[in-house]
>>> print(open('upload-v3.cif').read())   # mmCIF, C-alpha atoms and all ligand atoms
data_structure
#
loop_
_atom_site.label_atom_id
_atom_site.label_comp_id
_atom_site.auth_asym_id
_atom_site.auth_seq_id
_atom_site.Cartn_x
_atom_site.Cartn_y
_atom_site.Cartn_z
CA MET N 1 0.00 0.00 0.00
CA ASN N 2 3.07 2.22 0.05
CA GLU N 3 2.27 3.55 -3.39
CA LEU N 4 -0.80 5.15 -1.86
CA VAL N 5 1.16 7.26 0.58
CA SER N 6 1.48 10.79 -0.67
CA ALA N 7 3.94 13.23 0.80
CA SER N 8 2.83 14.11 4.29
CA GLN N 9 2.23 17.76 5.05
CA ASP N 10 4.47 17.24 8.06
CA ALA N 11 7.07 15.06 6.32
CA ALA N 12 8.98 17.75 4.47
CA PRO N 13 9.09 20.89 6.63
CA THR N 14 10.63 23.97 5.09
CA ARG N 15 13.60 25.65 6.73
CA PHE N 16 11.22 28.34 8.01
CA THR N 17 8.83 25.88 9.66
CA GLN N 18 11.77 24.01 11.22
CA ILE N 19 13.09 27.19 12.81
CA ARG N 20 9.61 28.33 13.85
CA ASP N 21 8.78 24.95 15.43
CA GLY N 22 12.16 24.87 17.19
CA VAL N 23 11.59 28.32 18.68
CA ARG N 24 8.09 27.34 19.76
CA ALA N 25 9.33 24.11 21.41
CA ALA N 26 12.08 26.02 23.24
CA LEU N 27 9.60 28.62 24.47
CA ARG N 28 7.21 25.91 25.60
CA ALA N 29 9.97 24.03 27.46
CA GLY N 30 10.90 27.31 29.21
CA LEU N 31 7.30 28.09 30.08
CA ASP N 32 6.68 24.58 31.41
CA ILE N 33 9.42 25.06 34.01
CA VAL N 34 7.81 28.29 35.21
CA LEU N 35 4.16 27.26 34.71
CA PRO N 36 3.35 23.54 34.67
CA PRO N 37 0.79 22.73 31.93
CA LEU N 38 -2.82 22.76 33.09
CA CYS N 39 -5.61 20.29 32.36
CA PRO N 40 -7.62 22.01 29.57
CA SER N 41 -10.87 20.87 31.18
CA CYS N 42 -10.55 21.55 34.95
CA ARG N 43 -7.35 23.68 34.96
CA ALA N 44 -5.61 21.39 37.49
CA PRO N 45 -1.80 21.20 37.04
CA LEU N 46 -0.98 18.15 34.94
CA GLY N 47 2.28 17.19 36.66
CA GLY N 48 3.70 15.36 33.65
CA GLY N 49 0.44 13.71 32.57
CA ALA N 50 -0.60 13.86 28.92
CA GLY N 51 -3.56 15.92 27.79
CA LEU N 52 -6.14 15.77 30.55
CA CYS N 53 -5.65 15.14 34.27
CA ALA N 54 -6.33 11.57 35.41
CA ASP N 55 -9.68 12.62 36.86
CA CYS N 56 -10.91 14.14 33.58
CA TRP N 57 -9.62 11.18 31.52
CA SER N 58 -11.74 8.90 33.69
CA LYS N 59 -14.81 11.10 33.09
CA LEU N 60 -14.56 11.04 29.26
CA SER N 61 -17.61 9.22 27.96
CA LEU N 62 -16.51 6.40 25.65
CA ILE N 63 -18.92 5.29 22.94
CA GLU N 64 -19.28 1.52 23.19
CA PRO N 65 -21.71 -1.01 21.63
CA PRO N 66 -24.64 -1.37 21.41
CA TYR N 67 -24.88 1.27 18.72
CA CYS N 68 -26.50 1.71 15.31
CA ALA N 69 -24.43 -0.35 12.85
CA ARG N 70 -24.55 2.50 10.32
CA LEU N 71 -24.35 5.76 12.28
CA GLY N 72 -22.51 4.51 15.38
CA ILE N 73 -25.00 6.33 17.63
CA PRO N 74 -25.41 4.44 20.93
CA PHE N 75 -28.73 2.69 21.62
CA ILE N 76 -30.21 3.04 25.06
CA TYR N 77 -30.84 -0.73 25.08
CA ASP N 78 -29.39 -3.58 23.02
CA PRO N 79 -31.69 -4.39 20.05
CA GLY N 80 -29.34 -7.14 18.79
CA PRO N 81 -26.39 -7.13 16.40
CA GLY N 82 -26.45 -5.23 13.12
CA LEU N 83 -29.67 -3.28 13.73
CA LEU N 84 -30.04 0.23 12.38
CA SER N 85 -31.46 3.31 14.08
CA MET N 86 -34.58 5.02 12.72
CA GLU N 87 -32.34 7.93 11.72
CA ALA N 88 -30.15 5.69 9.54
CA ILE N 89 -33.20 4.27 7.74
CA ALA N 90 -35.12 7.53 7.33
CA ASN N 91 -32.14 9.61 6.25
CA PRO N 92 -29.25 7.35 5.20
CA PRO N 93 -25.88 9.11 4.86
CA ALA N 94 -23.60 8.81 1.81
CA TYR N 95 -20.97 7.06 3.94
CA ASP N 96 -21.38 3.47 5.00
CA ARG N 97 -20.45 3.41 8.71
CA ALA N 98 -19.45 6.07 11.24
CA ARG N 99 -17.62 5.43 14.52
CA ALA N 100 -16.50 7.81 17.26
CA ALA N 101 -14.27 7.29 20.29
CA VAL N 102 -16.12 9.55 22.76
CA ARG N 103 -19.25 11.65 23.20
CA TYR N 104 -18.73 15.35 22.51
CA ASP N 105 -19.36 16.60 26.05
CA ASP N 106 -17.67 19.43 27.97
CA ILE N 107 -14.52 17.41 28.68
CA ALA N 108 -14.14 16.16 25.09
CA ARG N 109 -14.74 19.72 23.89
CA ALA N 110 -11.99 21.11 26.12
CA LEU N 111 -9.62 18.42 24.83
CA VAL N 112 -10.45 19.05 21.16
CA LEU N 113 -10.21 22.85 21.47
CA SER N 114 -6.87 22.54 23.26
CA PHE N 115 -5.58 20.23 20.50
CA LYS N 116 -6.93 22.33 17.65
CA TYR N 117 -6.38 25.90 18.78
CA GLY N 118 -3.93 25.53 21.68
CA ASP N 119 -1.02 24.02 19.78
CA ARG N 120 -1.34 20.81 21.83
CA LEU N 121 -0.18 18.42 19.10
CA ASP N 122 1.15 16.17 21.88
CA LEU N 123 -2.49 15.07 22.39
CA ALA N 124 -2.65 13.43 18.93
CA PRO N 125 -1.08 10.04 19.81
CA MET N 126 -3.54 9.45 22.65
CA MET N 127 -6.56 10.67 20.68
CA GLY N 128 -5.42 8.54 17.74
CA GLN N 129 -5.14 5.49 19.98
CA TRP N 130 -8.73 5.90 21.15
CA MET N 131 -9.92 6.40 17.59
CA ALA N 132 -8.06 3.31 16.36
CA ARG N 133 -9.76 1.32 19.10
CA ALA N 134 -13.24 2.68 18.29
CA GLY N 135 -12.75 2.15 14.55
CA ARG N 136 -10.94 -1.19 14.51
CA GLU N 137 -13.60 -2.94 12.36
CA LEU N 138 -13.43 -0.08 9.83
CA LEU N 139 -9.63 -0.04 9.78
CA ALA N 140 -9.35 -3.82 9.43
CA ASP N 141 -10.43 -3.73 5.79
CA ALA N 142 -9.49 -0.16 4.80
CA ASN N 143 -7.08 0.66 1.96
CA ALA N 144 -6.40 4.25 3.00
CA LEU N 145 -7.27 7.06 5.43
CA ILE N 146 -8.50 10.41 4.09
CA PRO N 147 -8.28 13.40 6.48
CA VAL N 148 -11.09 15.94 6.06
CA PRO N 149 -9.14 18.79 4.41
CA LEU N 150 -9.03 22.42 5.47
CA HIS N 151 -9.18 25.20 2.91
CA TRP N 152 -5.61 26.38 2.24
CA ARG N 153 -6.31 29.78 3.82
CA ARG N 154 -7.46 28.18 7.10
CA LEU N 155 -4.54 25.73 6.96
CA TRP N 156 -2.18 28.70 6.60
CA ARG N 157 -3.67 30.42 9.66
CA ARG N 158 -3.83 27.31 11.86
CA ARG N 159 -0.52 25.91 10.52
CA PHE N 160 -1.72 22.30 10.72
CA ASN N 161 -4.75 20.24 9.80
CA GLN N 162 -5.97 18.54 12.96
CA SER N 163 -7.60 15.72 10.95
CA ALA N 164 -4.34 15.00 9.09
CA THR N 165 -2.46 14.87 12.40
CA LEU N 166 -4.99 12.40 13.83
CA ALA N 167 -4.88 10.34 10.60
CA GLY N 168 -1.08 10.14 10.94
CA ALA N 169 -1.40 8.82 14.50
CA ILE N 170 -4.00 6.21 13.47
CA SER N 171 -1.97 5.20 10.42
CA GLY N 172 1.00 4.33 12.61
CA LEU N 173 -1.16 2.14 14.84
CA ALA N 174 -3.34 0.44 12.22
CA GLY N 175 -0.85 0.17 9.36
CA VAL N 176 -3.22 1.90 6.92
CA PRO N 177 -1.64 4.62 4.74
CA VAL N 178 -2.87 8.23 4.63
CA LEU N 179 -3.84 9.91 1.35
CA HIS N 180 -3.24 13.59 2.13
CA ASP N 181 -4.06 15.21 -1.19
CA ALA N 182 -6.78 12.98 -2.59
CA LEU N 183 -9.56 15.26 -1.32
CA LYS N 184 -9.41 19.05 -1.62
CA ARG N 185 -11.55 21.72 -0.03
CA VAL N 186 -12.12 23.82 -3.13
CA ARG N 187 -14.33 26.43 -1.51
CA ALA N 188 -13.73 28.25 1.78
CA THR N 189 -16.83 27.79 3.94
CA PRO N 190 -17.85 29.75 7.05
CA GLN N 191 -17.50 27.83 10.34
CA GLN N 192 -20.44 25.46 10.96
CA VAL N 193 -20.85 26.60 14.59
CA GLY N 194 -24.34 27.99 15.28
CA LEU N 195 -25.90 26.69 12.03
CA SER N 196 -28.93 24.37 11.85
CA LYS N 197 -28.61 20.91 10.29
CA GLY N 198 -30.02 22.16 6.95
CA GLU N 199 -27.81 25.25 6.97
CA ARG N 200 -24.77 23.08 7.67
CA ALA N 201 -25.54 20.89 4.65
CA ASP N 202 -26.01 23.97 2.41
CA ASN N 203 -22.83 25.54 3.78
CA VAL N 204 -20.57 22.66 2.68
CA GLN N 205 -22.43 21.78 -0.54
CA GLY N 206 -19.85 21.35 -3.33
CA ALA N 207 -16.98 22.37 -1.04
CA PHE N 208 -14.91 19.20 -1.62
CA ARG N 209 -13.49 17.64 -4.77
CA VAL N 210 -11.11 14.86 -5.78
CA PRO N 211 -8.58 16.43 -8.20
CA PRO N 212 -8.60 14.63 -11.59
CA GLU N 213 -4.99 13.48 -11.15
CA LYS N 214 -5.92 11.81 -7.82
CA LYS N 215 -8.95 9.86 -9.06
CA SER N 216 -6.83 6.76 -9.73
CA ASP N 217 -5.74 6.76 -6.04
CA VAL N 218 -9.38 6.71 -4.93
CA ALA N 219 -11.12 4.53 -7.53
CA GLY N 220 -12.10 1.10 -6.27
CA ARG N 221 -10.58 1.74 -2.81
CA ARG N 222 -12.06 1.26 0.64
CA LEU N 223 -11.52 4.57 2.43
CA VAL N 224 -11.94 5.88 5.98
CA LEU N 225 -12.54 9.62 6.38
CA ILE N 226 -10.88 11.04 9.51
CA ASP N 227 -12.11 14.12 11.39
CA ASP N 228 -11.93 15.44 14.96
CA VAL N 229 -15.63 16.07 15.66
CA LEU N 230 -18.89 14.97 14.03
CA THR N 231 -21.82 17.28 14.72
CA SER N 232 -24.60 17.02 12.11
CA GLY N 233 -22.45 14.87 9.80
CA ALA N 234 -22.91 17.36 6.92
CA THR N 235 -19.16 17.79 6.33
CA VAL N 236 -18.25 14.09 6.23
CA ASP N 237 -21.37 13.34 4.16
CA THR N 238 -20.28 15.89 1.51
CA CYS N 239 -16.73 14.47 1.59
CA ALA N 240 -18.07 10.92 1.17
CA ARG N 241 -20.18 12.00 -1.84
CA ALA N 242 -17.12 13.54 -3.52
CA LEU N 243 -15.06 10.35 -2.94
CA LEU N 244 -17.85 8.07 -4.18
CA ARG N 245 -18.30 10.27 -7.28
CA ALA N 246 -14.58 9.79 -7.94
CA GLY N 247 -15.10 6.01 -7.89
CA ALA N 248 -14.32 5.02 -4.26
CA ALA N 249 -15.69 1.55 -3.53
CA HIS N 250 -16.62 2.23 0.07
CA VAL N 251 -16.36 5.18 2.48
CA ASP N 252 -16.48 4.95 6.29
CA VAL N 253 -16.05 7.75 8.84
CA LEU N 254 -13.95 7.75 12.03
CA VAL N 255 -13.94 10.75 14.39
CA PHE N 256 -12.61 11.43 17.87
CA ALA N 257 -15.89 12.80 19.29
CA ARG N 258 -19.47 13.01 18.12
CA VAL N 259 -22.53 14.87 19.31
CA VAL N 260 -25.02 12.34 20.68
CA ALA N 261 -28.62 13.28 21.39
CA PRO N 262 -29.76 11.94 24.79
CA LEU N 263 -32.53 9.65 23.50
CA ARG N 264 -32.64 7.47 20.40
CA THR N 265 -35.44 5.28 19.16
CA THR N 266 -34.73 1.91 17.59
CA ILE N 267 -36.66 -0.56 15.49
ZN ZN J 301 -8.91 17.80 34.59
#
>>> encode(input="upload-v3.cif", output="structure tokens", more="lines below")
Ligand SMILES: [Zn+2]
Amino acid sequence: MNELVSASQDAAPTRFTQIRDGVRAALRAGLDIVLPPLCPSCRAPLGGGAGLCADCWSKLSLIEPPYCARLGIPFIYDPGPGLLSMEAIANPPAYDRARAAVRYDDIARALVLSFKYGDRLDLAPMMGQWMARAGRELLADANALIPVPLHWRRLWRRRFNQSATLAGAISGLAGVPVLHDALKRVRATPQQVGLSKGERADNVQGAFRVPPEKKSDVAGRRLVLIDDVLTSGATVDTCARALLRAGAAHVDVLVFARVVAPLRTTI
């Protein structure tokens, strides 16, 4: 599968990014001596722990079976293996299966925001481990991972794509290569925060495309889309449509956290 691996965005840093990252690491090391890092959720000093304090790690809400075989949304009781939720039947997504490591609650939110906006790339290996565990059945027969891309302007501002960083961590654990450039965000879209489900779908409509020269990498392949958070699913659904249009055989979705409504009906 090595032929599928495109150049990683992190694999060939320019001289400028090397110097910038070195300065940042040195500053962080200096600051850590003066101010020990704090838990992003409860603000307790971490004392060498990774990411969250032990107390907050233990409070993260893992998503475990029983859940809808298609959407990965937990059932409140076990209806038996392979059953689908009413949502999956009434409004089936373009992707085949979605899985998430944890519920998107206050603690997961603090962790994701710290990772995404707080330069806490050190959280990626642990988040990736939890995702690899939640998505093991998807990864077992996947040909490649596809990170949900950022528009180049947002990538420039944030300096890294959080989905690509998570995909890299999962790739190392699951032995599935990452295709970094197979899916492009061709239109900058406003943030989805605060939009309704319908507005979210309209907002990302036509925002993603497989470049013609990458179609051969995607055609006939079993792919897993990687993202940090799934809210309405509009973004990953649009991504899955673009990949399927380009000839992908199968598209699954694996995220770190997903929004889960408190009650779900089953059939
Ligand atoms: Zn904490």
>>> closest_residue(input="upload-v3.cif", among="N:Arg120, N:Arg153, N:Lys197, N:Arg222", to="Pro37 of chain N", atoms="only C-alpha atoms")
N:Arg120
>>> residues_near_ligand(input="upload-v3.cif", ligand="ligand ZN 301 (chain J)", cutoff="12 Å", atoms="all atoms listed in the file", output="PyMOL selection string")
chain N and resi 37-47+49-60+106-108+110-111
>>> closest_residue(input="upload-v3.cif", among="N:Ser171, N:Ser196, N:Thr231, N:Asn203", to="Met131 of chain N", atoms="only C-alpha atoms")
N:Ser171
>>> closest_residue(input="upload-v3.cif", among="N:Val224, N:Trp130, N:Asn91, N:Glu199", to="Leu145 of chain N", atoms="only C-alpha atoms")
N:Val224
>>> atom_distance(input="upload-v3.cif", atom1="atom CA of Asp252 of chain N", atom2="atom CA of Arg97 of chain N")
4.9 Å
>>> axis_aligned_box(input="upload-v3.cif", around="segment 161-169 of chain N", padding_each_side="5 Å", output="lines of an AutoDock Vina configuration file")
center_x = -4.3
center_y = 14.5
center_z = 11.8
size_x = 16.5
size_y = 21.4
size_z = 15.4
>>> atom_distance(input="upload-v3.cif", atom1="atom CA of Ala144 of chain N", atom2="atom CA of Lys184 of chain N")
15.8 Å
>>> residues_near_point(input="upload-v3.cif", point="(-0.1, 11.3, 12.5)", cutoff="9 Å", atoms="only C-alpha atoms", output="list in words")
Asp10, Ala124, Pro125, Gly128, Ser163, Ala164, Thr165, Leu166, Ala167, Gly168, Ala169, Ile170, Ser171, Gly172 and Val178 of chain N
>>> write_last_selection(input="upload-v3.cif", atoms="C-alpha atoms", output="PDB file, in the coordinates of the input")
ATOM      1  CA  ASP N  10       4.470  17.240   8.060  1.00  0.00           C
ATOM      2  CA  ALA N 124      -2.650  13.430  18.930  1.00  0.00           C
ATOM      3  CA  PRO N 125      -1.080  10.040  19.810  1.00  0.00           C
ATOM      4  CA  GLY N 128      -5.420   8.540  17.740  1.00  0.00           C
ATOM      5  CA  SER N 163      -7.600  15.720  10.950  1.00  0.00           C
ATOM      6  CA  ALA N 164      -4.340  15.000   9.090  1.00  0.00           C
ATOM      7  CA  THR N 165      -2.460  14.870  12.400  1.00  0.00           C
ATOM      8  CA  LEU N 166      -4.990  12.400  13.830  1.00  0.00           C
ATOM      9  CA  ALA N 167      -4.880  10.340  10.600  1.00  0.00           C
ATOM     10  CA  GLY N 168      -1.080  10.140  10.940  1.00  0.00           C
ATOM     11  CA  ALA N 169      -1.400   8.820  14.500  1.00  0.00           C
ATOM     12  CA  ILE N 170      -4.000   6.210  13.470  1.00  0.00           C
ATOM     13  CA  SER N 171      -1.970   5.200  10.420  1.00  0.00           C
ATOM     14  CA  GLY N 172       1.000   4.330  12.610  1.00  0.00           C
ATOM     15  CA  VAL N 178      -2.870   8.230   4.630  1.00  0.00           C
TER      16      VAL N 178
END
>>> atom_distance(input="upload-v3.cif", atom1="atom CA of Gly175 of chain N", atom2="atom CA of Thr235 of chain N")
25.6 Å
>>> residues_around(input="upload-v3.cif", residues="Pro211 of chain N", least_positions_apart="6", cutoff="9 Å", atoms="all atoms listed in the file", output="PyMOL selection string")
chain N and resi 181-184+246
>>> residues_around(input="upload-v3.cif", residues="Ala134 of chain N", least_positions_apart="4", cutoff="8 Å", atoms="all atoms listed in the file", output="PyMOL selection string")
chain N and resi 63-64+99-101+130
>>> write_last_selection(input="upload-v3.cif", atoms="C-alpha atoms", output="CSV table (one decimal), in the coordinates of the input")
chain,number,residue,atom,x,y,z
N,63,ILE,CA,-18.9,5.3,22.9
N,64,GLU,CA,-19.3,1.5,23.2
N,99,ARG,CA,-17.6,5.4,14.5
N,100,ALA,CA,-16.5,7.8,17.3
N,101,ALA,CA,-14.3,7.3,20.3
N,130,TRP,CA,-8.7,5.9,21.2
>>> closest_residue(input="upload-v3.cif", among="N:Gly233, N:Gly72, N:Pro79, N:Gly220", to="Ala249 of chain N", atoms="only C-alpha atoms")
N:Gly220
>>> residues_near_point(input="upload-v3.cif", point="(-7.9, 33.0, 13.3)", cutoff="12 Å", atoms="all atoms listed in the file", output="NGL selection string")
:N and (116-118 or 153-159 or 191)
>>> closest_residue(input="upload-v3.cif", among="N:Val218, N:Val210, N:Leu139, N:Leu84", to="Leu173 of chain N", atoms="all atoms listed in the file")
N:Leu139
